[in-house]
Each structure stands twice: as C-alpha cells, then as structure tokens.
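Novice: Pasting work.txt below, which is compact mmCIF, C-alpha atoms.
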# COMPACT_ATOMS: atom_id res chain seq x y z
CA MET A 19 2.51 24.29 8.99
CA LYS A 20 0.86 20.88 9.10
CA MET A 21 -0.35 21.18 5.51
CA LYS A 22 3.10 22.25 4.37
CA LYS A 23 4.70 19.21 5.96
CA LEU A 24 2.03 16.87 4.60
CA THR A 25 2.24 18.36 1.13
CA ALA A 26 5.98 17.80 1.08
CA VAL A 27 5.43 14.12 1.85
CA LEU A 28 2.84 13.77 -0.89
CA LEU A 29 5.00 15.57 -3.41
CA SER A 30 7.79 13.14 -2.63
CA ALA A 31 5.44 10.23 -3.24
CA ALA A 32 4.08 11.78 -6.43
CA MET A 33 7.60 12.31 -7.74
CA VAL A 34 8.24 8.60 -7.53
CA ILE A 35 5.31 7.72 -9.75
CA SER A 36 5.98 10.71 -12.00
CA LEU A 37 8.60 8.35 -13.38
CA ALA A 38 5.64 6.33 -14.69
CA ALA A 39 6.01 5.09 -18.22
CA CYS A 40 9.82 5.40 -17.97
CA SER A 41 11.70 2.26 -18.85
CA SER A 42 13.66 0.87 -15.91
CA ASN A 43 16.49 -0.22 -18.20
CA SER A 44 18.23 2.40 -20.29
CA GLY A 45 18.78 -0.01 -23.12
CA GLY A 46 15.30 -1.50 -22.97
CA GLY A 47 11.95 -0.87 -24.59
CA SER A 48 10.44 2.50 -25.35
CA SER A 49 8.37 4.35 -22.78
CA ASP A 50 5.11 3.77 -24.64
CA GLY A 51 5.43 0.01 -24.71
CA GLY A 52 6.83 -0.13 -28.23
CA ASP A 53 9.15 -2.77 -29.70
CA ASP A 54 12.34 -3.57 -27.82
CA LYS A 55 15.70 -2.53 -29.21
CA GLY A 56 17.08 -5.97 -29.75
CA ASP A 57 18.40 -6.67 -26.27
CA GLY A 58 16.12 -9.68 -25.89
CA LYS A 59 14.41 -8.36 -22.79
CA LYS A 60 10.70 -8.91 -22.22
CA ARG A 61 8.44 -5.92 -21.69
CA VAL A 62 6.59 -5.89 -18.36
CA CYS A 63 4.14 -3.22 -17.19
CA PHE A 64 3.43 -2.48 -13.53
CA VAL A 65 0.05 -0.78 -13.11
CA ALA A 66 0.06 0.96 -9.71
CA ARG A 67 -3.14 2.15 -8.09
CA ALA A 68 -2.30 5.80 -7.22
CA SER A 69 0.60 8.23 -6.95
CA ALA A 70 -0.82 9.97 -3.85
CA ASP A 71 -0.69 6.66 -2.00
CA THR A 72 2.71 6.51 -0.29
CA PHE A 73 2.79 2.71 -0.28
CA ALA A 74 1.99 2.53 -4.00
CA ALA A 75 4.74 5.09 -4.60
CA TRP A 76 7.18 3.07 -2.51
CA LEU A 77 6.22 -0.14 -4.32
CA THR A 78 6.71 1.53 -7.70
CA SER A 79 10.17 2.72 -6.72
CA GLU A 80 11.12 -0.75 -5.47
CA MET A 81 9.76 -2.36 -8.66
CA GLN A 82 12.06 -0.13 -10.68
CA LYS A 83 15.05 -1.02 -8.49
CA ALA A 84 14.30 -4.75 -8.70
CA ALA A 85 13.86 -4.62 -12.49
CA GLU A 86 17.22 -2.88 -12.91
CA GLY A 87 18.85 -6.03 -11.61
CA SER A 88 16.93 -8.33 -13.96
CA ASP A 89 18.59 -9.81 -17.04
CA ASN A 90 15.40 -10.33 -19.02
CA ILE A 91 12.89 -7.63 -17.97
CA ASP A 92 12.31 -4.10 -19.24
CA LEU A 93 9.79 -2.53 -16.84
CA THR A 94 7.33 0.27 -17.48
CA CYS A 95 5.34 1.79 -14.57
CA VAL A 96 2.02 3.60 -14.88
CA SER A 97 -0.49 4.84 -12.29
CA GLY A 98 -4.28 4.59 -12.16
CA GLU A 99 -4.42 7.63 -9.82
CA ALA A 100 -7.09 5.97 -7.62
CA ASP A 101 -9.53 6.16 -10.54
CA ASP A 102 -11.07 2.84 -11.57
CA ASN A 103 -11.84 4.04 -15.10
CA LYS A 104 -8.27 5.23 -15.59
CA GLU A 105 -6.76 2.04 -14.22
CA ASN A 106 -9.06 -0.09 -16.36
CA GLY A 107 -8.03 1.94 -19.40
CA LEU A 108 -4.38 1.33 -18.59
CA LEU A 109 -5.03 -2.42 -18.38
CA GLU A 110 -6.69 -2.36 -21.80
CA ASP A 111 -3.73 -0.33 -23.05
CA CYS A 112 -1.42 -3.12 -21.95
CA ILE A 113 -3.18 -5.41 -24.44
CA THR A 114 -2.94 -2.85 -27.23
CA LYS A 115 0.77 -2.37 -26.60
CA GLY A 116 1.39 -6.09 -26.38
CA TYR A 117 3.22 -6.37 -23.09
CA ASP A 118 4.72 -9.75 -22.33
CA LEU A 119 3.53 -9.72 -18.70
CA VAL A 120 1.52 -7.32 -16.52
CA ILE A 121 1.71 -6.79 -12.75
CA VAL A 122 -1.52 -5.26 -11.40
CA GLN A 123 -2.06 -3.40 -8.11
CA SER A 124 -5.83 -2.93 -8.11
CA ASN A 125 -7.56 0.11 -6.71
CA ASN A 126 -10.85 -1.81 -6.49
CA ASN A 127 -10.64 -5.57 -6.96
CA ALA A 128 -14.09 -6.06 -8.43
CA ALA A 129 -13.73 -3.10 -10.78
CA GLN A 130 -10.38 -4.26 -12.16
CA ALA A 131 -11.16 -8.01 -12.27
CA PRO A 132 -12.95 -7.97 -15.68
CA TYR A 133 -9.98 -6.13 -17.18
CA VAL A 134 -7.54 -8.57 -15.62
CA GLN A 135 -9.64 -11.24 -17.34
CA LYS A 136 -9.22 -9.40 -20.66
CA LEU A 137 -5.45 -9.63 -20.22
CA VAL A 138 -5.71 -13.35 -19.47
CA ASP A 139 -7.94 -13.87 -22.51
CA ALA A 140 -5.38 -12.02 -24.63
CA GLY A 141 -2.74 -14.53 -23.52
CA ILE A 142 -0.80 -12.07 -21.37
CA PRO A 143 0.42 -13.49 -18.03
CA VAL A 144 -0.82 -11.46 -15.04
CA ILE A 145 0.47 -11.23 -11.48
CA THR A 146 -1.84 -9.38 -9.11
CA THR A 147 -0.20 -7.82 -6.08
CA ASN A 148 -1.12 -5.75 -3.03
CA PRO A 149 -3.91 -6.94 -3.25
CA THR A 150 -4.52 -10.34 -4.80
CA THR A 151 -7.41 -10.49 -7.27
CA HIS A 152 -9.65 -13.41 -6.32
CA GLN A 153 -12.12 -15.43 -8.37
CA SER A 154 -14.91 -13.94 -6.28
CA ASP A 155 -13.90 -10.46 -7.46
CA LEU A 156 -14.67 -11.53 -11.00
CA ASP A 157 -17.82 -13.60 -10.67
CA GLY A 158 -19.33 -12.58 -7.31
CA SER A 159 -19.05 -16.12 -5.98
CA ASP A 160 -17.74 -17.25 -2.61
CA ASP A 161 -14.57 -18.56 -4.25
CA ASN A 162 -11.69 -16.69 -2.60
CA SER A 163 -8.98 -18.55 -4.47
CA VAL A 164 -6.61 -16.63 -6.72
CA MET A 165 -8.39 -15.61 -9.93
CA LYS A 166 -8.14 -18.35 -12.55
CA GLY A 167 -5.30 -17.95 -14.99
CA THR A 168 -3.35 -15.49 -12.81
CA GLY A 169 -0.66 -15.56 -10.17
CA THR A 170 -0.20 -13.43 -7.05
CA VAL A 171 2.43 -11.98 -4.74
CA ASP A 172 0.86 -10.39 -1.68
CA ALA A 173 0.75 -10.01 2.09
CA ASP A 174 -1.96 -11.34 4.40
CA PRO A 175 -4.10 -8.32 5.32
CA VAL A 176 -5.67 -10.13 8.27
CA GLU A 177 -2.24 -10.89 9.72
CA GLN A 178 -1.13 -7.30 9.08
CA ALA A 179 -4.03 -5.68 10.90
CA SER A 180 -4.08 -8.26 13.68
CA VAL A 181 -0.64 -7.11 14.81
CA GLY A 182 -2.00 -3.72 15.91
CA ALA A 183 -5.41 -4.99 16.96
CA LYS A 184 -4.00 -7.53 19.43
CA ARG A 185 -1.74 -4.87 20.90
CA ALA A 186 -4.62 -2.39 21.19
CA VAL A 187 -6.66 -4.82 23.30
CA GLU A 188 -4.21 -4.20 26.11
CA GLU A 189 -3.33 -0.56 25.41
CA VAL A 190 -6.59 1.24 24.60
CA PRO A 191 -8.13 2.67 27.79
CA GLU A 192 -11.43 1.45 29.17
CA LYS A 193 -14.53 2.94 27.51
CA ALA A 194 -12.34 4.70 24.98
CA ASN A 195 -13.69 6.74 22.08
CA VAL A 196 -12.00 5.65 18.86
CA VAL A 197 -12.20 6.60 15.21
CA VAL A 198 -11.66 4.24 12.28
CA LEU A 199 -10.11 5.20 8.94
CA ARG A 200 -10.88 2.76 6.15
CA GLY A 201 -9.28 2.08 2.79
CA PRO A 202 -11.26 2.06 -0.47
CA SER A 203 -14.56 0.19 -0.46
CA GLY A 204 -14.17 -3.08 -2.34
CA ASN A 205 -10.41 -3.23 -1.89
CA PHE A 206 -9.44 -6.66 -0.55
CA HIS A 207 -6.76 -5.40 1.82
CA ALA A 208 -8.98 -2.60 3.13
CA GLU A 209 -11.90 -4.91 3.86
CA LYS A 210 -9.85 -7.74 5.38
CA ARG A 211 -7.87 -5.40 7.63
CA ARG A 212 -11.12 -3.96 8.92
CA GLU A 213 -12.48 -7.47 9.54
CA ALA A 214 -9.34 -8.30 11.51
CA TRP A 215 -9.97 -5.33 13.81
CA ASP A 216 -13.51 -6.59 14.39
CA THR A 217 -12.26 -10.07 15.29
CA GLU A 218 -9.16 -9.21 17.29
CA PHE A 219 -10.21 -5.97 18.97
CA PHE A 220 -13.83 -4.85 18.87
CA ALA A 221 -15.20 -8.31 19.66
CA LYS A 222 -12.96 -8.43 22.74
CA ARG A 223 -13.34 -4.80 23.82
CA LYS A 224 -17.09 -4.22 23.75
CA ASP A 225 -16.60 -1.26 26.10
CA VAL A 226 -14.96 0.73 23.31
CA ASN A 227 -17.09 3.26 21.44
CA ILE A 228 -16.57 3.88 17.72
CA LEU A 229 -17.11 7.62 17.69
CA TYR A 230 -16.67 7.98 13.92
CA GLU A 231 -15.77 5.72 11.00
CA ASP A 232 -15.30 6.68 7.36
CA TYR A 233 -13.42 5.93 4.16
CA ALA A 234 -10.24 7.93 3.55
CA ASN A 235 -9.23 5.70 0.61
CA TRP A 236 -5.60 5.22 1.71
CA ASN A 237 -5.17 9.01 1.32
CA SER A 238 -3.58 11.23 3.97
CA ASP A 239 -5.32 14.41 2.81
CA GLU A 240 -8.74 12.77 3.12
CA ALA A 241 -7.84 11.43 6.57
CA LEU A 242 -6.63 14.86 7.68
CA LYS A 243 -9.93 16.48 6.70
CA LEU A 244 -11.98 13.77 8.41
CA MET A 245 -9.94 14.05 11.60
CA GLU A 246 -10.23 17.84 11.64
CA ASN A 247 -14.01 17.52 11.42
CA TRP A 248 -14.19 14.81 14.08
CA VAL A 249 -12.07 16.77 16.54
CA GLN A 250 -14.43 19.74 16.24
CA SER A 251 -17.18 17.71 17.90
CA GLY A 252 -15.38 18.32 21.20
CA THR A 253 -15.29 14.66 22.28
CA HIS A 254 -11.72 13.54 22.89
CA ILE A 255 -10.54 10.77 20.58
CA ASP A 256 -8.53 8.21 22.52
CA ALA A 257 -7.31 6.14 19.58
CA VAL A 258 -7.04 6.36 15.81
CA ILE A 259 -7.43 2.98 14.13
CA SER A 260 -6.22 3.26 10.57
CA MET A 261 -6.03 0.62 7.87
CA ASN A 262 -2.72 2.08 6.64
CA ASP A 263 0.07 4.40 7.76
CA ASN A 264 -0.72 7.08 5.20
CA MET A 265 -4.20 7.73 6.61
CA ALA A 266 -2.85 7.55 10.16
CA ALA A 267 -0.30 10.20 9.21
CA GLY A 268 -3.05 12.48 7.94
CA ALA A 269 -5.05 12.08 11.15
CA ILE A 270 -1.95 12.79 13.23
CA GLU A 271 -1.18 15.96 11.26
CA ALA A 272 -4.71 17.18 12.03
CA VAL A 273 -3.99 17.19 15.78
CA ARG A 274 -0.23 17.73 15.86
CA GLU A 275 -0.61 21.34 17.06
CA ASP A 276 -3.67 20.72 19.24
CA PRO A 277 -2.61 20.74 22.94
CA ASN A 278 -5.50 18.40 23.73
CA TYR A 279 -3.72 15.76 21.70
CA VAL A 280 -0.02 16.67 21.67
CA LYS A 281 1.53 18.66 24.53
CA ASP A 282 5.20 19.16 25.30
CA GLY A 283 6.04 16.61 22.63
CA LYS A 284 3.89 13.90 24.22
CA SER A 285 0.74 12.50 22.64
CA ASN A 286 -2.54 12.10 24.47
CA PHE A 287 -3.91 9.49 22.08
CA LEU A 288 -2.97 6.19 20.49
CA ALA A 289 -2.70 5.53 16.76
CA TYR A 290 -2.34 2.28 14.84
CA GLY A 291 -1.40 1.79 11.19
CA VAL A 292 -0.30 -0.82 8.68
CA ASP A 293 2.51 -0.89 6.08
CA GLY A 294 5.56 0.12 8.11
CA THR A 295 6.42 2.94 5.72
CA ALA A 296 9.35 5.27 6.29
CA GLN A 297 6.86 7.97 7.28
CA GLY A 298 5.17 5.60 9.73
CA CYS A 299 8.48 4.69 11.34
CA LEU A 300 9.39 8.34 11.85
CA LEU A 301 6.00 8.95 13.47
CA ILE A 302 6.62 6.05 15.85
CA LYS A 303 10.04 7.48 16.71
CA GLU A 304 8.34 10.82 17.36
CA GLY A 305 5.87 9.12 19.70
CA LEU A 306 2.78 9.92 17.62
CA LEU A 307 2.11 6.54 15.98
CA THR A 308 1.82 3.64 18.42
CA SER A 309 2.54 0.73 16.12
CA THR A 310 2.36 -0.55 12.58
CA ALA A 311 3.04 -3.81 10.73
CA LEU A 312 5.63 -3.87 8.01
CA GLN A 313 4.44 -4.65 4.52
CA SER A 314 7.77 -4.57 2.77
CA ALA A 315 7.44 -3.02 -0.67
CA SER A 316 11.03 -4.07 -1.27
CA ASP A 317 10.23 -7.73 -0.62
CA LEU A 318 7.02 -7.54 -2.66
CA ALA A 319 8.86 -5.95 -5.58
CA LYS A 320 11.73 -8.44 -5.52
CA MET A 321 9.27 -11.36 -5.44
CA ASN A 322 7.17 -9.90 -8.27
CA ILE A 323 10.14 -9.28 -10.54
CA ASP A 324 11.75 -12.62 -9.71
CA TYR A 325 8.58 -14.57 -10.47
CA ALA A 326 7.90 -12.49 -13.60
CA SER A 327 11.41 -13.30 -14.81
CA LYS A 328 10.91 -17.03 -14.21
CA VAL A 329 7.52 -17.06 -15.97
CA LEU A 330 8.91 -15.19 -18.98
CA ALA A 331 11.90 -17.54 -19.14
CA GLY A 332 9.54 -20.53 -19.22
CA GLU A 333 10.77 -21.80 -15.84
CA MET A 334 7.32 -21.82 -14.24
CA GLU A 335 3.65 -21.30 -15.06
CA ILE A 336 1.93 -18.05 -14.10
CA THR A 337 -0.65 -20.00 -12.08
CA ASP A 338 2.15 -21.42 -9.91
CA VAL A 339 3.04 -17.92 -8.67
CA ASN A 340 1.52 -17.70 -5.19
CA ASP A 341 3.67 -16.17 -2.48
CA PHE A 342 3.33 -13.86 0.53
CA VAL A 343 5.56 -11.55 2.58
CA ASP A 344 5.63 -11.45 6.37
CA ALA A 345 4.12 -8.73 8.59
CA PRO A 346 6.47 -8.02 11.52
CA GLU A 347 5.36 -5.49 14.14
CA ILE A 348 7.10 -2.13 14.39
CA SER A 349 6.81 -0.21 17.66
CA ALA A 350 8.94 2.06 19.82
CA ASP A 351 10.83 -1.03 20.95
CA ASN A 352 12.34 -1.81 17.56
CA VAL A 353 11.68 1.21 15.32
CA ASP A 354 15.36 2.22 15.17
CA GLU A 355 16.10 -1.00 13.31
CA TYR A 356 13.58 -0.13 10.61
CA ILE A 357 14.58 3.53 10.42
CA GLN A 358 18.12 2.34 9.72
CA MET A 359 16.71 0.14 6.95
CA TYR A 360 15.16 3.23 5.35
CA VAL A 361 18.35 5.24 5.84
CA ASP A 362 20.26 2.48 4.05
CA ASN A 363 17.85 2.46 1.10
CA GLY A 364 17.73 6.25 0.85
CA GLU A 365 14.13 6.87 1.93
CA ILE A 366 15.17 8.53 5.20
CA SER A 367 18.00 11.05 5.24
CA ASP A 368 20.92 10.84 7.66
CA ASN A 369 19.36 13.73 9.58
CA GLY A 370 16.26 11.63 10.30
CA THR A 371 13.79 13.20 7.87
CA LEU A 372 12.03 11.82 4.82
CA ALA A 373 14.32 12.04 1.82
CA GLU A 374 13.16 14.41 -0.90
Would you write out, as structure tokens, the structure that this file holds?
Specialist:
Amino acid sequence: MKMKKLTAVLLSAAMVISLAACSSNSGGGSSDGGDDKGDGKKRVCFVARASADTFAAWLTSEMQKAAEGSDNIDLTCVSGEADDNKENGLLEDCITKGYDLVIVQSNNNAAQAPYVQKLVDAGIPVITTNPTTHQSDLDGSDDNSVMKGTGTVDADPVEQASVGAKRAVEEVPEKANVVVLRGPSGNFHAEKRREAWDTEFFAKRKDVNILYEDYANWNSDEALKLMENWVQSGTHIDAVISMNDNMAAGAIEAVREDPNYVKDGKSNFLAYGVDGTAQGCLLIKEGLLTSTALQSASDLAKMNIDYASKVLAGEMEITDVNDFVDAPEISADNVDEYIQMYVDNGEISDNGTLAE
C-alpha cells in the first residue's frame, strides 16, 4: 500500500515535467526551440534538474503558469532527470537552438557550472535558480558570489533549514537517535541546509546520536529504501532530519504501517523537512511531518519570469538579477493556511488529497 501511494505521488510529479519541451504559449515558438512564429516573443528555456523531484516538478509547473502571463516570453521546459551528463547536454543544446535566455536549476552546481559558462560565452543571458551557481562552483575558489556574467533568483538554504533545526533543539528528546537524509553531493542547497543543521542543532544538542546518515538525492524512493533498511536494525529512530520534504515523505512511508512508529493514527517519531510542498503540508496535517519551511515555487517562478522579461526587454542587465524568496515555517499551528493555498492553486483537491 505504501508503495502504491508513493508511486501515485511520483507519477503526478512526473506528469508535470512530461510537459517538457512544450511551449507555454500556444502561439509561441516551436517545441524544439525553433524560430518563433512572428509574435515577437523571446524564446526562454527552463532546464529543471529532475522530474522525480516533486519540488522541481512544482517549479516547472509554476514556470509555465508564470510564462503564460508574460507578454514577451515563450517558455520551453526540459528536465535533466538528475543526470549531470543529460543536464549538461541540454545546456549545450540551448546554445545550438539559440535561446534568448536560459533559466538553470542545477542538479550539481560544480558539474553544471562549466556549461553555464558556455552559455555566457555564447552571449546567452543565464539566470540560475534553486540553487544559485556561484563563482566557486566554476573555479574551485572561495568566491561564493554569484557566478560572473549570470543572475540568480533563489532562497537562502541556511535560513530554510534553520527553521526546523531551531525548533528541533526544543522538541527532540534527550539522547535521541536520529537519521539524516541528504540531498545530492555538491548541490549548494543540499550542503548548506546540512551545515545549518550542524550549526543550529547538532552543535547545541551534543547528546543526540546520528544513528545513520546518507544521500537520498532529493528522491522519495531512495529515502524510503534507506529508511526501511535503517528500521531493520531494531534501534528506534526518534527523529528524521531531511533536507527536503520529498525525502521526508519517503522515510515516513517506510514506517507508516509500523506500529512502533505510527499507532492509532499517532506518530512515535519526529520528522523535519524543507520546501513546504503540498505533500509536506498534508503530512503535517496528518501528524507525520513535524515542520517544514516554505520554499515557494510560485514566488520563485514569478520572480524568474519577471526578471527574464525585464532583461529581454533591455530594462535591466542580467548581472543585476539577484533576488531571494522568504522561508516561513509551516507546522501544525498554521498548516491549514498553506493547505488552502494549495487547494486554491489546484495542487490539493477539495477532498484533501494531492490532485492528480
């Protein structure tokens, strides 16, 4: 049953990015990045990191919605499917197809940085988003400024993770056994969120034992398998510390039917995520996810498309694009507000389930 439920969620996410390479404007450019049809719109490509990543799927959907309201942008969306070689090939393809601007969501900052540089060298404006590509990603230096020649729209991963970490200091029981689910190695958001947990939680709660820690690469299936293996050790896990909601959801599915963890609808563990996805909010409402921090894909998308439009209209330089979204906490105290937000935008059905 747990796999069926999880698979349905992933299929929903995959369906969003299955729209990849579809123009967001019916009268706009062709799906392969060909010439426009005389409507004067500029061709923009959004390169997402993976279709199995629910946040990337959400961001793709919101990019398409935001572009539909733009007067001068024809958007194409493609996915790197969590494969650096594939994403790098897509970035090179953007040069071949002559896009007017490219928005990049890197899977691995250092792996994509040289290909972002190729776009810059080709004279194509680039906005990196969720995460920012930094100069250090390109040259291995200590320069954590935005990569030269590019702009960025992002969220602060330290702020995002600190929301849950500061809460956990007070909530996690004494001498607790915890597990940590990490995003992809080399991903800026994954690494900085983990650093925030070190600073705001583990440094202050030295009594806590990290029972297991591993990379689940933002993926719920990978997190589910890790959690299933960890539970088999027989040592009770008091808290799941996840660098995103999708991995937290996978870990929760692994123990949903285990009476040692969930009994009579009540959980016997804590779980912390990041992103504030529709799925995460429903898990909080269910009492299985303790808290998360919203990373609004809607706000990110609107900012990206707005800035792209201004750059393409000559109203600002690409290097002047540098903006961030907030990271409000979502918990049982305010989750209904955010569930209503997702009902309003169609991601949660009126009956309180994820929309298909």
Novice: For A:Asp263, which residue among A:Gly98, A:Pro149, A:Gly182, A:Pro277 is the nearest when counting all atoms listed in the file?
Specialist: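 Ranked by minimum distance to A:Asp263, first place goes to A:Gly182.
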Novice: Just give me the gap between atom CA of A:Cys63 and atom CA of A:Gln153 in Å, one decimal is fine.
Specialist: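 According to the coordinates, atom CA of A:Cys63 and atom CA of A:Gln153 are separated by 22.2 Å.
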Novice: Could you tell me, as number ranges by chain, which residues have any atom at most 10 Å from (2.8, 7.1, 21.8), counting only C-alpha atoms?
Specialist: A: 280, 284-290, 301-309, 349-350
Novice: Using all atoms listed in the file, can you list as an NGL selection string the residues within 10 Å of (13.6, -0.8, 8.8)?
Specialist: :A and (294-296 or 299 or 312 or 314 or 348 or 352-363)
Novice: Please tabulate, as JSON lines, the residues of stretch 62-152 of chain A that come within 7 Å of stretch 168-172 of chain A, each with its closest pair of atoms and the distance in Å to one decimal, counting all atoms listed in the file and ordering rows by chain, then residue number upward.
Specialist:
{"residue": "A:Pro143", "atom": "CA", "partner": "A:Thr168", "partner_atom": "CA", "distance": 6.7}
{"residue": "A:Val144", "atom": "CA", "partner": "A:Thr168", "partner_atom": "CA", "distance": 5.3}
{"residue": "A:Ile145", "atom": "CA", "partner": "A:Gly169", "partner_atom": "CA", "distance": 4.7}
{"residue": "A:Thr146", "atom": "CA", "partner": "A:Thr170", "partner_atom": "CA", "distance": 4.8}
{"residue": "A:Thr147", "atom": "CA", "partner": "A:Val171", "partner_atom": "CA", "distance": 5.1}
{"residue": "A:Asn148", "atom": "CA", "partner": "A:Asp172", "partner_atom": "CA", "distance": 5.2}
{"residue": "A:Pro149", "atom": "CA", "partner": "A:Asp172", "partner_atom": "CA", "distance": 6.1}
{"residue": "A:Thr150", "atom": "CA", "partner": "A:Thr170", "partner_atom": "CA", "distance": 5.8}
Novice: Do you know which residues are at most 10 Å from A:Arg223 counting only C-alpha atoms, after dropping those on the same chain fewer than 4 positions away, and could you put them as a PyMOL selection string?
Specialist: chain A and resi 186-188+190-194+216+218-219+227
Novice: Output the selection as a PDB file, in the coordinates of the input - C-alpha atoms for each residue.
Specialist:
ATOM      1  CA  ALA A 186      -4.620  -2.390  21.190  1.00  0.00           C
ATOM      2  CA  VAL A 187      -6.660  -4.820  23.300  1.00  0.00           C
ATOM      3  CA  GLU A 188      -4.210  -4.200  26.110  1.00  0.00           C
ATOM      4  CA  VAL A 190      -6.590   1.240  24.600  1.00  0.00           C
ATOM      5  CA  PRO A 191      -8.130   2.670  27.790  1.00  0.00           C
ATOM      6  CA  GLU A 192     -11.430   1.450  29.170  1.00  0.00           C
ATOM      7  CA  LYS A 193     -14.530   2.940  27.510  1.00  0.00           C
ATOM      8  CA  ALA A 194     -12.340   4.700  24.980  1.00  0.00           C
ATOM      9  CA  ASP A 216     -13.510  -6.590  14.390  1.00  0.00           C
ATOM     10  CA  GLU A 218      -9.160  -9.210  17.290  1.00  0.00           C
ATOM     11  CA  PHE A 219     -10.210  -5.970  18.970  1.00  0.00           C
ATOM     12  CA  ASN A 227     -17.090   3.260  21.440  1.00  0.00           C
TER      13      ASN A 227
END
Novice: Between atom CA of A:Glu240 and atom CA of A:Ala315, what is the distance, to one decimal in Å?
Specialist: 22.9 Å
Novice: Hey, which of A:Val164, A:Ala326, A:Leu372, A:Val197 ends up closest to A:Lys60? Count all atoms listed in the file.
Specialist: A:Ala326
Novice: So that I can see what lies close to A:Gly201, please list as a list in words the residues with an atom at most 9 Å from it, counting only C-alpha atoms and leaving out residues fewer than 2 positions away in the same chain.
Specialist: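 In the requested format, the answer is Leu199, Ser203, Gly204, Asn205, His207, Ala208, Glu209, Arg212, Asp232, Tyr233, Ala234, Asn235, Trp236, Asn237, Ser260, Met261, Asn262 and Met265 of chain A.
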Novice: Mind checking which residues fall within 8 Å of A:Leu77, counting all atoms listed in the file, ignoring those fewer than 5 positions away in the same chain, and posting them as a list in words?
Specialist: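 Result of the neighbour search: Ala315, Ser316, Leu318 and Ala319 of chain A.
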Novice: Quick one: distance from atom CA of A:Asn195 to atom CA of A:Gly283 in Å, one decimal?
Specialist: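 That distance, rounded to one decimal, is 22.1 Å.
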Novice: For A:Ala257, which residue among A:Ala269, A:Ala179, A:Val196, A:Ala221 is the nearest when counting only C-alpha atoms?
Specialist: A:Val196
Novice: When you look at A:Asn127 with a cut-off of 7 Å (counting all atoms listed in the file), what residues show up, excluding the ones that are within fewer than 3 positions of it in the same chain? I need them as a list of chain:residue names.
Specialist: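 Listing them by chain and then by number gives A:Ser124, A:Gln130, A:Ala131, A:Thr151, A:Asp155, A:Gly204, A:Asn205, A:Phe206.
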Novice: Go through A:Val198, A:Leu330, A:Ala173, A:Ile270 and flag the residue nearest A:Ser238, using all atoms listed in the file for the distances.
Specialist: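 Nearest candidate to A:Ser238 out of A:Val198, A:Leu330, A:Ala173, A:Ile270: A:Ile270.
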Novice: Name the closest residue to A:Lys166 among the candidates A:Asp139, A:Glu275, A:Asp101, A:Asp293; distances are taken between atoms, counting all atoms listed in the file.
Specialist: A:Asp139
Novice: Using only C-alpha atoms, which residue out of A:Asp239, A:Asp57, A:Asp324, A:Glu335 lies closest to A:Ala266?
Specialist: A:Asp239
